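**Q** Provided below: model_19.txt, containing compact mmCIF, C-alpha atoms and all ligand atoms.
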```txt
# COMPACT_ATOMS: atom_id res chain seq x y z
CA MET A 1 50.93 118.30 188.45
CA SER A 2 49.68 115.05 186.88
CA GLU A 3 50.78 116.40 183.51
CA LEU A 4 54.27 116.78 184.93
CA LEU A 5 54.21 113.23 186.36
CA ASN A 6 53.04 111.78 183.04
CA THR A 7 55.84 113.61 181.29
CA LEU A 8 58.41 112.25 183.70
CA LYS A 9 57.09 108.70 183.14
CA ALA A 10 57.26 109.14 179.36
CA LEU A 11 60.86 110.35 179.58
CA ARG A 12 61.93 107.13 181.29
CA ALA A 13 60.56 105.18 178.33
CA GLU A 14 63.25 106.49 175.91
CA PRO A 15 66.35 104.36 176.45
CA ASP A 16 67.93 105.09 173.03
CA PHE A 17 69.32 108.44 173.94
CA ALA A 18 69.82 108.19 177.69
CA SER A 19 71.85 104.99 177.63
CA ALA A 20 74.01 105.64 174.57
CA ASP A 21 77.71 105.13 175.21
CA ASP A 22 79.14 105.74 171.72
CA PRO A 23 78.69 109.37 170.63
CA PHE A 24 79.52 108.64 166.97
CA ALA A 25 76.86 105.94 166.80
CA LEU A 26 74.37 108.24 168.53
CA PHE A 27 75.20 111.08 166.11
CA GLY A 28 74.75 108.66 163.21
CA ARG A 29 71.27 107.70 164.45
CA TRP A 30 70.21 111.28 165.06
CA PHE A 31 71.58 112.44 161.69
CA ALA A 32 69.75 109.65 159.86
CA GLN A 33 66.54 110.70 161.64
CA ALA A 34 67.23 114.37 160.80
CA LYS A 35 67.53 113.49 157.10
CA GLU A 36 64.03 112.01 157.30
CA ALA A 37 62.51 114.75 159.46
CA GLU A 38 64.05 117.95 158.14
CA PRO A 39 62.90 119.04 154.68
CA GLU A 40 65.88 121.32 154.17
CA TYR A 41 69.57 121.16 154.99
CA PRO A 42 69.75 118.63 157.81
CA GLU A 43 73.51 118.79 157.14
CA ALA A 44 73.73 122.53 157.86
CA MET A 45 75.82 123.35 160.90
CA CYS A 46 77.08 126.50 162.53
CA LEU A 47 80.88 126.54 162.54
CA ALA A 48 82.49 128.65 165.28
CA THR A 49 86.12 129.71 165.31
CA VAL A 50 88.15 132.42 167.02
CA ASP A 51 90.48 134.91 165.41
CA GLU A 52 93.98 135.87 166.55
CA HIS A 53 92.54 138.29 169.11
CA GLY A 54 90.28 135.62 170.64
CA MET A 55 87.25 137.27 169.01
CA PRO A 56 84.64 134.59 168.19
CA ASP A 57 83.28 134.18 164.67
CA ALA A 58 80.51 131.90 163.40
CA ARG A 59 78.85 130.97 160.12
CA MET A 60 76.93 128.12 158.51
CA VAL A 61 78.66 125.37 156.55
CA LEU A 62 77.53 121.97 155.27
CA LEU A 63 78.56 118.61 156.69
CA LYS A 64 79.91 116.61 153.75
CA ASP A 65 81.35 113.59 155.47
CA PHE A 66 81.22 112.02 158.88
CA ASP A 67 82.78 108.96 160.47
CA GLU A 68 84.68 108.06 163.63
CA ARG A 69 87.53 110.36 162.59
CA GLY A 70 85.30 113.44 162.70
CA PHE A 71 83.07 115.88 160.83
CA VAL A 72 84.15 117.24 157.44
CA PHE A 73 83.17 120.42 155.61
CA TYR A 74 84.79 122.02 152.58
CA THR A 75 85.97 125.58 152.20
CA ASN A 76 88.54 128.05 150.95
CA MET A 77 91.45 127.94 153.40
CA GLU A 78 92.30 131.55 152.53
CA SER A 79 88.90 132.64 153.88
CA ALA A 80 88.48 134.12 157.37
CA LYS A 81 87.42 130.73 158.76
CA GLY A 82 90.30 128.99 156.97
CA ARG A 83 92.87 131.38 158.41
CA GLN A 84 91.35 131.16 161.89
CA ILE A 85 91.40 127.37 161.78
CA MET A 86 94.97 127.26 160.55
CA ALA A 87 96.05 129.60 163.36
CA THR A 88 94.26 127.83 166.23
CA GLY A 89 93.70 124.23 165.11
CA LYS A 90 90.33 124.33 166.87
CA ALA A 91 86.66 124.74 166.00
CA ALA A 92 83.14 124.10 167.24
CA LEU A 93 80.03 122.95 165.36
CA THR A 94 76.35 123.17 166.23
CA PHE A 95 73.47 121.39 164.55
CA TRP A 96 69.84 122.28 165.21
CA TRP A 97 67.16 119.91 163.95
CA ARG A 98 63.98 121.85 164.42
CA ASN A 99 61.44 119.11 163.77
CA LEU A 100 63.23 116.68 166.05
CA HIS A 101 63.69 119.29 168.80
CA ARG A 102 67.33 118.35 169.00
CA GLN A 103 70.67 120.08 169.11
CA VAL A 104 74.17 118.59 168.82
CA ARG A 105 77.24 120.57 169.84
CA ILE A 106 80.75 119.52 168.93
CA ARG A 107 84.07 121.03 170.04
CA GLY A 108 87.40 119.80 168.85
CA LEU A 109 90.67 119.91 166.99
CA THR A 110 90.95 120.43 163.25
CA GLU A 111 92.93 118.81 160.47
CA GLN A 112 92.79 119.12 156.71
CA VAL A 113 91.57 116.08 154.82
CA SER A 114 94.06 114.33 152.51
CA ASP A 115 94.54 115.71 148.99
CA ALA A 116 93.09 112.48 147.61
CA GLU A 117 89.93 112.89 149.73
CA ALA A 118 89.54 116.56 148.73
CA ASP A 119 90.16 115.77 145.03
CA ALA A 120 87.58 113.00 145.11
CA TYR A 121 84.95 115.29 146.64
CA PHE A 122 85.79 118.23 144.36
CA ALA A 123 85.35 115.97 141.34
CA THR A 124 81.73 115.26 142.37
CA ARG A 125 80.79 118.97 142.42
CA PRO A 126 78.89 120.58 139.53
CA ARG A 127 81.20 122.25 137.01
CA GLY A 128 79.79 125.70 137.89
CA SER A 129 80.73 125.20 141.53
CA GLN A 130 84.20 124.02 140.54
CA ILE A 131 84.71 127.18 138.48
CA GLY A 132 83.23 129.25 141.32
CA ALA A 133 85.85 127.86 143.68
CA TRP A 134 88.55 129.30 141.40
CA ALA A 135 86.71 132.60 140.89
CA SER A 136 85.88 133.51 144.51
CA LYS A 137 88.51 135.04 146.77
CA GLN A 138 86.32 134.07 149.70
CA SER A 139 86.13 136.63 152.56
CA ARG A 140 88.31 139.21 150.78
CA GLU A 141 87.00 142.61 149.71
CA MET A 142 85.48 142.64 146.24
CA GLU A 143 86.77 145.41 143.99
CA ASP A 144 83.37 146.08 142.37
CA ALA A 145 79.95 144.46 141.99
CA GLN A 146 80.88 142.69 138.72
CA ALA A 147 84.25 141.36 139.85
CA LEU A 148 83.01 137.87 140.80
CA LYS A 149 81.06 137.39 137.56
CA LYS A 150 84.03 138.59 135.52
CA ALA A 151 86.34 136.23 137.40
CA ALA A 152 83.93 133.32 136.84
CA LEU A 153 83.83 134.03 133.08
CA ARG A 154 87.62 134.30 132.98
CA GLU A 155 88.04 130.98 134.80
CA ALA A 156 85.41 129.28 132.63
CA ALA A 157 87.31 130.43 129.51
CA ARG A 158 90.65 129.33 131.00
CA PHE A 159 89.43 125.78 131.57
CA GLY A 160 87.44 125.57 128.33
CA LEU A 161 86.09 122.06 127.99
CA GLY A 162 88.88 120.53 130.04
CA GLU A 163 88.70 119.11 133.53
CA VAL A 164 88.63 121.67 136.35
CA PRO A 165 91.24 120.73 138.97
CA ARG A 166 90.77 121.50 142.66
CA PRO A 167 92.26 124.87 143.64
CA PRO A 168 95.17 124.33 146.06
CA TYR A 169 93.52 126.53 148.71
CA TRP A 170 90.16 124.72 148.55
CA THR A 171 89.91 121.65 150.72
CA GLY A 172 88.09 119.83 153.50
CA VAL A 173 88.49 120.44 157.21
CA ARG A 174 87.82 117.64 159.64
CA VAL A 175 86.73 118.59 163.15
CA ILE A 176 87.97 115.83 165.46
CA PRO A 177 85.68 115.98 168.48
CA LEU A 178 86.92 116.16 172.05
CA GLN A 179 83.42 116.97 173.22
CA MET A 180 80.00 116.02 171.79
CA GLU A 181 76.82 117.14 173.44
CA PHE A 182 73.35 115.83 172.64
CA TRP A 183 70.38 117.95 173.68
CA HIS A 184 66.79 116.90 173.36
CA GLU A 185 63.99 119.31 174.10
CA ARG A 186 61.43 118.06 176.61
CA PRO A 187 58.25 119.55 178.02
CA PHE A 188 58.48 121.87 181.00
CA ARG A 189 62.10 122.62 180.18
CA LEU A 190 63.10 119.15 181.40
CA HIS A 191 65.44 118.97 178.42
CA GLU A 192 67.99 116.18 178.37
CA ARG A 193 71.66 116.94 177.89
CA ILE A 194 74.26 114.22 177.59
CA VAL A 195 77.85 115.27 177.00
CA PHE A 196 80.71 112.98 175.96
CA LEU A 197 84.23 114.18 176.68
CA ARG A 198 87.74 112.89 176.02
CA ASP A 199 91.16 114.44 176.61
CA ALA A 200 92.63 113.46 173.24
CA PRO A 201 91.37 111.82 170.03
CA ASP A 202 92.73 108.43 171.14
CA ALA A 203 91.49 108.68 174.74
CA PRO A 204 88.31 106.95 175.96
CA TRP A 205 85.05 108.89 176.17
CA ARG A 206 83.55 109.91 179.51
CA ARG A 207 79.85 110.63 179.72
CA LYS A 208 78.04 113.19 181.84
CA ARG A 209 74.51 114.36 182.18
CA LEU A 210 74.10 118.14 182.49
CA TYR A 211 71.29 120.27 183.80
CA PRO A 212 69.59 121.87 180.84
C1 LIG B 1 73.26 126.97 154.67
C2 LIG B 1 74.63 127.48 154.34
C3 LIG B 1 75.62 126.58 154.02
C4 LIG B 1 76.92 127.03 153.73
N1 LIG B 1 77.88 126.10 153.47
C5 LIG B 1 79.17 126.52 153.29
C6 LIG B 1 80.22 125.56 153.16
O1 LIG B 1 80.01 124.34 153.23
N2 LIG B 1 81.48 126.04 152.97
C7 LIG B 1 81.76 127.38 152.92
O2 LIG B 1 82.94 127.74 152.73
N3 LIG B 1 80.79 128.30 153.06
C8 LIG B 1 79.51 127.91 153.26
N4 LIG B 1 78.50 128.84 153.44
C9 LIG B 1 78.87 130.28 153.45
C10 LIG B 1 79.45 130.62 154.83
O3 LIG B 1 78.41 130.71 155.79
C11 LIG B 1 80.26 131.94 154.84
O4 LIG B 1 79.47 133.00 154.39
C12 LIG B 1 81.52 131.88 153.95
O5 LIG B 1 82.12 130.60 154.00
C13 LIG B 1 82.54 132.93 154.38
O6 LIG B 1 82.82 132.76 155.76
P1 LIG B 1 84.15 133.34 156.44
O7 LIG B 1 84.37 134.72 155.87
O8 LIG B 1 83.86 133.39 157.90
O9 LIG B 1 85.29 132.41 156.11
C14 LIG B 1 77.21 128.42 153.73
C15 LIG B 1 76.18 129.32 154.05
C16 LIG B 1 74.92 128.87 154.35
C17 LIG B 1 73.86 129.87 154.69
```
Could I get this structure in the form of structure tokens?
**A**
Amino acid sequence: MSELLNTLKALRAEPDFASADDPFALFGRWFAQAKEAEPEYPEAMCLATVDEHGMPDARMVLLKDFDERGFVFYTNMESAKGRQIMATGKAALTFWWRNLHRQVRIRGLTEQVSDAEADAYFATRPRGSQIGAWASKQSREMEDAQALKKAALREAARFGLGEVPRPPYWTGVRVIPLQMEFWHERPFRLHERIVFLRDAPDAPWRRKRLYP
């Protein structure tokens, strides 16, 4: 019992999380801490979408950019996720930072980043990845085990020593949050959950505390 009381006292001593009123600023703080605490892929996030039958789908992607407009990852828009996003205009993201005992969940609307933004990011990628983006028909059935390697060699020969432009189907998707939930694991399952909600991207945030 005294262990429980001590835990409750300690919880009150953490104002940072409990009193936050700007979810983007709070995400920024947690993400900066995750980059320090997580040896691998603090930017990895599970991206959930639904297909045209309402069947959920989920896979990992990497967060490449983040600001008050939303959370950006890059992909092939002809992939399963790309087609699902184009059909619904919606997606959800989940981060789990193991060493920090934290989870962030985001639900929102999607938009493609501008061509200039996608070009600028594509230009920073290693040449092999740029060629890979041309070679992979992401999510489509591969004819045989060598097809991807053959396509990569073909694309490498096609571009020679010249610059590799961004494929038209390869771009960034920004998830514009309507909901952001911050979860922090606590002893005795007294986890804290704070959720920020808004009705539209230009509407003010409301804040709620949820039972864990
Ligand atoms: C840690 C990790 C990071 C990944 N990052 C990306 C990414 O940023 N973009 C991407 O298109 N696929 C990424 N992938 C691959 C996807 O999980 C997925 O296999 C691929 O995009 C095809 O998904 P889809 O068929 O649902 O469209 C990543 C996989 C892992 C394990």
**Q** Given all atoms listed in the file, how would the per-residue table for chain A near ligand LIG 1 (chain B) read, listing every residue at most 7 Å away with its closest atom pair and distance in Å to one decimal, sorted by chain and number, as a Markdown table?
**A**
```
| residue | atom | partner | partner_atom | distance |
| --- | --- | --- | --- | --- |
| A:Tyr41 | CA | B:LIG1 | C1 | 6.9 |
| A:Ala44 | CA | B:LIG1 | C1 | 5.5 |
| A:Asp57 | CA | B:LIG1 | O8 | 6.8 |
| A:Ala58 | CA | B:LIG1 | O8 | 6.6 |
| A:Arg59 | CA | B:LIG1 | O3 | 4.4 |
| A:Met60 | CA | B:LIG1 | O3 | 4.0 |
| A:Val61 | CA | B:LIG1 | N1 | 3.3 |
| A:Leu62 | CA | B:LIG1 | O1 | 4.0 |
| A:Leu63 | CA | B:LIG1 | O1 | 6.8 |
| A:Phe73 | CA | B:LIG1 | O1 | 5.6 |
| A:Tyr74 | CA | B:LIG1 | N2 | 5.2 |
| A:Thr75 | CA | B:LIG1 | O2 | 3.8 |
| A:Asn76 | CA | B:LIG1 | O2 | 5.9 |
| A:Ser79 | CA | B:LIG1 | O9 | 4.2 |
| A:Ala80 | CA | B:LIG1 | O9 | 3.8 |
| A:Lys81 | CA | B:LIG1 | O9 | 3.8 |
| A:Gly82 | CA | B:LIG1 | O9 | 6.1 |
| A:Gln138 | CA | B:LIG1 | C13 | 6.1 |
| A:Ser139 | CA | B:LIG1 | O7 | 4.2 |
```
**Q** Find the distance between CA of Thr110 in chain A and CA of Pro212 in chain A and write it in Å to one decimal.
**A**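 Going from CA of Thr110 in chain A over to CA of Pro212 in chain A covers 27.7 Å.
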**Q** With distances taken over all atoms listed in the file, which residue among A:Ala151, A:Met45, A:Leu197, A:Ala20 lies nearest Trp96 in chain A?
**A** A:Met45
**Q** Of the candidates A:Lys35, A:Lys64, A:Lys208, A:Arg29, which one gets nearest to Val175 in chain A if we count all atoms listed in the file?
**A** A:Lys64
**Q** Have a look at A:Gly89, A:Tyr121, A:Glu78, A:Gln179 and name the one nearest to Trp134 in chain A; count only C-alpha atoms.
**A** A:Glu78
**Q** Which of these, A:Gly132, A:Gln112, A:Glu3, A:Val173, has the shortest distance to Ala156 in chain A once you count all atoms listed in the file?
**A**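 Smallest separation from Ala156 in chain A among the options: A:Gly132.
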